[in-house]
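Please read the structure below before turning to the comments.
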Amino acid sequence: MEYFVTGATGFIGKRLVRKLLKHRGAIVHFLMREASRDKLAALNEYWAVSEQRAQPVFGDLAQPKLGLAPAAIRELKGRIDHFFHLAAIYDLKADAESQVVANIDGTRNAVALANELKAGCLHHCSSIAAAGLYEGVFREDMFDEAENLDHPYFQTKHDSEKIARHECKTPWRVYRPALVVGDSASGEMDKVDGPYYFFKLIQRMRQMLPPWMPAIGIEGGRVNIVPVDFVVNAMDHIAHLPNLDSRAFHLVDPEPHRVGDVLNIFARAAHAPQMTLRINAALLGFIPNSVRKGLLSLTPVRRIRNAVFKDLGLPEDMLQFVNYPTRFDCRETTAALKGAGIACPRLEDYAFRLWDYWERNLDPDLFIDRTLKGQVAGRVVLITGGSSGIGLAAAHKMAAAGAITVIVGREREKLDAAKRQIEDALKSASNSNGGTVVTASADLADLDSCDRVAGDLFGRVRDIRIQLTRCISIDRSLDHYLPTHIVISDTCGRLRPLRLSRLV
């Protein structure tokens, strides 16, 4: 039996190919971009087969008939028993244009190729997102009833399934997985998505509060979560059953949890506090849009919101899905899997594996460069008393690490000498990171002097990324001038406020 698979290098596709290759005599032809040729060795090692059984076909999802050469099409024509189309964008944060190219144009090109190859059956991997934000129970025999498809991810998933249904000239089957998480046995996952967006919030709670302390959380709609191994096993099994063409199958958890329960399941897995008091997110719907927009137009509110979302790694539109209104009937899938020993495991039984894998491999904090260069390179570091002593030594370190170092002092002669000394050290250094030095003369005991130097500095470095620390407290907004912060250190340990009234 021969297969053609798009998206074979993706999270689900890679595991599906491995499953298909376990069938006796199976040969898998998989779409691959020429630029990804260097991944072949790793893929073959993962699949544990030779190139004779897993054969790359070079092309491009965005090209007609997936960009296959005419010779490749002639060679494969009439040989493909099952054509699996998995290549798509599964990311709520992706922009609309890229989703249209991958999800809609890519599906149209894949269907055209399946028609050209006269494939035995097209298996289209859709998503429960094809239902949009449908109010109520969405059955497997429903499609046109989808509603509230305003989000580009929902719209493109719906439109791509429509192409598979109406433009495919061969038999077809559609699979609609729920939110796919890592393997239920190993926890392995390749990116932060779906419920993983809340892991950083749970981790922060664990760091700040003891596990026995009750916490406040949110409540919302039901979140349908399935592990990738269930999706792969179910898709493989259903694809090889007879008499199931022209149907859709919901690969979902038949007993999904509400948002608050999901958060508590992962909180228990992380040994974090439980969210015993939950506020129903539906209450936010009673706030008029004009009021919400008015609040977000306030700079302090907007800054706090953006900082929280950035720190926790949440997408901008994440909160609109908290009150997810759709439940999915899966009786067709349950009937097809009956007796196969394939069922969606309970989230409680494998949540700890998902958490452990995320914290060991996917936690964004693992990828922060905590070296001095990683923290200050390309940023502005302002050092008061930087013309001599500890301040000068600190300026040397910062400039050598690639910072734009601003040294402030009273005497211009000492500042110029310090600048020459630092620049000479940078020139003689074999591993210079591109640091520069800027001087500013000011008397920090004189607020007018501070005001003048602040205006001068912001005029000279206003387009530079700057880092603020707790060394000073600035209550006014600097968004218009500086997107981030300033580091200020006083060699005597004294912190003096800068009057920045002219900058706000």
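Chain lettering (A, B, ...) mirrors the order of the structure tokens, residue numbering begins at 1 for each chain separately, and ligand numbering begins at 1 in order of display.
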Practice task
Give me every strand (DSSP E) residue in range 81-188 of chain A, going by DSSP on the backbone, as a ChimeraX atom specification.
Solution key: /A:82-85,122-125,136-138,172-177,179-181
Exercise for the section: Can you pull out every residue within 8 Å of range 402-406 of chain A, counting only C-alpha atoms, but drop anything in the same chain fewer than 4 positions away, and send it as a list in words? Expected result: Lys373, Val376, Ala377, Gly378, Arg379, Val380, Val381, Leu382, Ile383, Ala395, Met398, Ser432, Asn433, Gly434, Gly435, Thr436, Val437, Val438, Thr439 and Ala440 of chain A
Expected file: the selected residues, C-alpha atoms, as a PDB file, in the first residue's frame:
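Saved file result_24.pdb follows:
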ATOM      1  CA  LYS A 373      25.733  40.369  26.790  1.00  0.00           C
ATOM      2  CA  VAL A 376      22.365  44.563  27.748  1.00  0.00           C
ATOM      3  CA  ALA A 377      23.611  44.179  24.140  1.00  0.00           C
ATOM      4  CA  GLY A 378      21.985  46.823  21.953  1.00  0.00           C
ATOM      5  CA  ARG A 379      20.274  48.473  24.922  1.00  0.00           C
ATOM      6  CA  VAL A 380      21.021  51.715  26.712  1.00  0.00           C
ATOM      7  CA  VAL A 381      22.652  51.473  30.122  1.00  0.00           C
ATOM      8  CA  LEU A 382      22.859  54.762  31.997  1.00  0.00           C
ATOM      9  CA  ILE A 383      25.422  54.909  34.810  1.00  0.00           C
ATOM     10  CA  ALA A 395      30.865  51.198  32.147  1.00  0.00           C
ATOM     11  CA  MET A 398      28.637  47.227  29.832  1.00  0.00           C
ATOM     12  CA  SER A 432      34.262  43.480  20.823  1.00  0.00           C
ATOM     13  CA  ASN A 433      30.455  43.252  20.724  1.00  0.00           C
ATOM     14  CA  GLY A 434      29.860  46.656  19.195  1.00  0.00           C
ATOM     15  CA  GLY A 435      29.406  48.691  22.357  1.00  0.00           C
ATOM     16  CA  THR A 436      29.413  52.475  22.250  1.00  0.00           C
ATOM     17  CA  VAL A 437      29.802  55.247  24.829  1.00  0.00           C
ATOM     18  CA  VAL A 438      27.789  58.442  25.282  1.00  0.00           C
ATOM     19  CA  THR A 439      28.593  61.076  27.906  1.00  0.00           C
ATOM     20  CA  ALA A 440      26.336  63.537  29.675  1.00  0.00           C
TER      21      ALA A 440
END
Please provide the set of residues having any atom within 9 Å of Glu147 in chain A, restricted to only C-alpha atoms, with same-chain residues fewer than 5 positions apart removed, written as an mmCIF file with N, CA, C and O atoms, in the first residue's frame.
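out.cif was written with the following content:
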data_model
loop_
_atom_site.group_PDB
_atom_site.id
_atom_site.type_symbol
_atom_site.label_atom_id
_atom_site.label_comp_id
_atom_site.auth_asym_id
_atom_site.auth_seq_id
_atom_site.Cartn_x
_atom_site.Cartn_y
_atom_site.Cartn_z
ATOM 1 N N ALA A 131 -16.042 24.639 12.744
ATOM 2 C CA ALA A 131 -17.397 24.920 13.211
ATOM 3 C C ALA A 131 -17.569 26.367 13.633
ATOM 4 O O ALA A 131 -18.695 26.808 13.903
ATOM 5 N N GLY A 132 -16.475 27.116 13.705
ATOM 6 C CA GLY A 132 -16.546 28.482 14.188
ATOM 7 C C GLY A 132 -16.902 28.508 15.662
ATOM 8 O O GLY A 132 -16.534 27.610 16.424
ATOM 9 N N LEU A 133 -17.620 29.536 16.066
ATOM 10 C CA LEU A 133 -18.100 29.630 17.446
ATOM 11 C C LEU A 133 -19.592 29.289 17.463
ATOM 12 O O LEU A 133 -20.451 30.109 17.811
ATOM 13 N N TYR A 134 -19.871 28.058 17.069
ATOM 14 C CA TYR A 134 -21.254 27.590 16.977
ATOM 15 C C TYR A 134 -21.853 27.475 18.378
ATOM 16 O O TYR A 134 -21.234 26.926 19.285
ATOM 17 N N GLU A 135 -23.075 27.952 18.551
ATOM 18 C CA GLU A 135 -23.757 27.893 19.839
ATOM 19 C C GLU A 135 -24.496 26.566 19.954
ATOM 20 O O GLU A 135 -25.521 26.351 19.311
#
Would you mind listing, for every residue of range 149-215 of chain A within 8 Å of range 122-127 of chain A, the two atoms forming the shortest contact and the distance between them in Å to one decimal, using only C-alpha atoms, sorted by chain and ascending residue number, as JSON lines?
{"residue": "A:Lys157", "atom": "CA", "partner": "A:Ser126", "partner_atom": "CA", "distance": 6.4}
{"residue": "A:His158", "atom": "CA", "partner": "A:Ser126", "partner_atom": "CA", "distance": 8.0}
{"residue": "A:Ser160", "atom": "CA", "partner": "A:Ser126", "partner_atom": "CA", "distance": 7.7}
{"residue": "A:Glu161", "atom": "CA", "partner": "A:Ser126", "partner_atom": "CA", "distance": 6.2}
{"residue": "A:Ala164", "atom": "CA", "partner": "A:His124", "partner_atom": "CA", "distance": 6.9}
{"residue": "A:Cys168", "atom": "CA", "partner": "A:Leu122", "partner_atom": "CA", "distance": 7.8}
{"residue": "A:Thr170", "atom": "CA", "partner": "A:Leu122", "partner_atom": "CA", "distance": 6.8}
{"residue": "A:Pro171", "atom": "CA", "partner": "A:Leu122", "partner_atom": "CA", "distance": 6.2}
{"residue": "A:Trp172", "atom": "CA", "partner": "A:Leu122", "partner_atom": "CA", "distance": 4.5}
{"residue": "A:Arg173", "atom": "CA", "partner": "A:His123", "partner_atom": "CA", "distance": 4.9}
{"residue": "A:Val174", "atom": "CA", "partner": "A:His124", "partner_atom": "CA", "distance": 4.9}
{"residue": "A:Tyr175", "atom": "CA", "partner": "A:Cys125", "partner_atom": "CA", "distance": 4.9}
{"residue": "A:Arg176", "atom": "CA", "partner": "A:Ser127", "partner_atom": "CA", "distance": 4.0}
{"residue": "A:Pro177", "atom": "CA", "partner": "A:Ser127", "partner_atom": "CA", "distance": 5.1}
{"residue": "A:Ala178", "atom": "CA", "partner": "A:Ser127", "partner_atom": "CA", "distance": 6.4}
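If you measure from each of A:Leu251, A:Ile422, A:Ala8, A:Ala119 to Val231 in chain A using only C-alpha atoms, the closest one turns out to be A:Leu251.
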Practice task
Could you tell me how far CA of Cys450 in chain A lies from CA of Gly391 in chain A, in Å and to one decimal?
Solution key: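 Interatomic distance, CA of Cys450 in chain A to CA of Gly391 in chain A: 18.1 Å.
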Practice task
Choose the residue, out of A:Ile225, A:Ala215, A:Val259, A:Ala146, that has the smallest atom-to-atom separation from Thr276 in chain A; count only C-alpha atoms.
Solution key: A:Ala215
Practice task
Please provide as a count of residues only all residues within 10 Å of range 221-223 of chain A, with the sequence filter that same-chain residues fewer than 4 positions apart are discarded (counting only C-alpha atoms).
Solution key: 23
Practice task
Rank A:Ile265, A:Ala234, A:Ile304, A:Leu347 by their smallest atom-to-atom distance to Ala335 in chain A, using only C-alpha atoms, and report the top residue only.
Solution key: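 Selected residue with least distance to Ala335 in chain A: A:Ala234.
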Exercise for the section: Write out as a ChimeraX atom specification the residues lying within 10 Å of range 69-80 of chain A, counting only C-alpha atoms and excluding same-chain residues fewer than 3 positions away. Expected result: /A:1-4,27-29,57-59,65-66,83,113-122
Practice task
Excluding Asp356 in chain A and residues on its chain fewer than 5 positions from it, collect all residues at most 10 Å away from it, counting only C-alpha atoms, and give them as number ranges by chain.
Solution key: A: 186-188, 269-270, 351, 361-362
Expected file: the selected residues, N, CA and C atoms, as a PDB file, in the first residue's frame:
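part20.pdb was written with the following content:
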ATOM      1  N   SER A 186       4.507  10.317  26.741  1.00  0.00           N
ATOM      2  CA  SER A 186       5.793  10.979  26.976  1.00  0.00           C
ATOM      3  C   SER A 186       5.663  12.468  27.267  1.00  0.00           C
ATOM      4  N   GLY A 187       4.527  13.054  26.911  1.00  0.00           N
ATOM      5  CA  GLY A 187       4.341  14.496  27.070  1.00  0.00           C
ATOM      6  C   GLY A 187       4.971  15.316  25.965  1.00  0.00           C
ATOM      7  N   GLU A 188       5.608  14.682  25.000  1.00  0.00           N
ATOM      8  CA  GLU A 188       6.362  15.397  23.961  1.00  0.00           C
ATOM      9  C   GLU A 188       5.469  16.327  23.153  1.00  0.00           C
ATOM     10  N   ALA A 269      -1.021  19.261  38.575  1.00  0.00           N
ATOM     11  CA  ALA A 269       0.159  18.637  37.982  1.00  0.00           C
ATOM     12  C   ALA A 269       1.422  19.430  38.274  1.00  0.00           C
ATOM     13  N   ALA A 270       1.285  20.765  38.416  1.00  0.00           N
ATOM     14  CA  ALA A 270       2.435  21.634  38.662  1.00  0.00           C
ATOM     15  C   ALA A 270       2.675  21.878  40.148  1.00  0.00           C
ATOM     16  N   ALA A 351      -1.923  14.767  32.349  1.00  0.00           N
ATOM     17  CA  ALA A 351      -1.598  16.205  32.453  1.00  0.00           C
ATOM     18  C   ALA A 351      -0.219  16.413  33.057  1.00  0.00           C
ATOM     19  N   ASN A 361      11.394  21.512  28.610  1.00  0.00           N
ATOM     20  CA  ASN A 361      11.804  21.703  27.220  1.00  0.00           C
ATOM     21  C   ASN A 361      11.223  22.931  26.525  1.00  0.00           C
ATOM     22  N   LEU A 362      10.046  23.415  26.947  1.00  0.00           N
ATOM     23  CA  LEU A 362       9.371  24.468  26.200  1.00  0.00           C
ATOM     24  C   LEU A 362       9.180  25.766  26.967  1.00  0.00           C
TER      25      LEU A 362
END
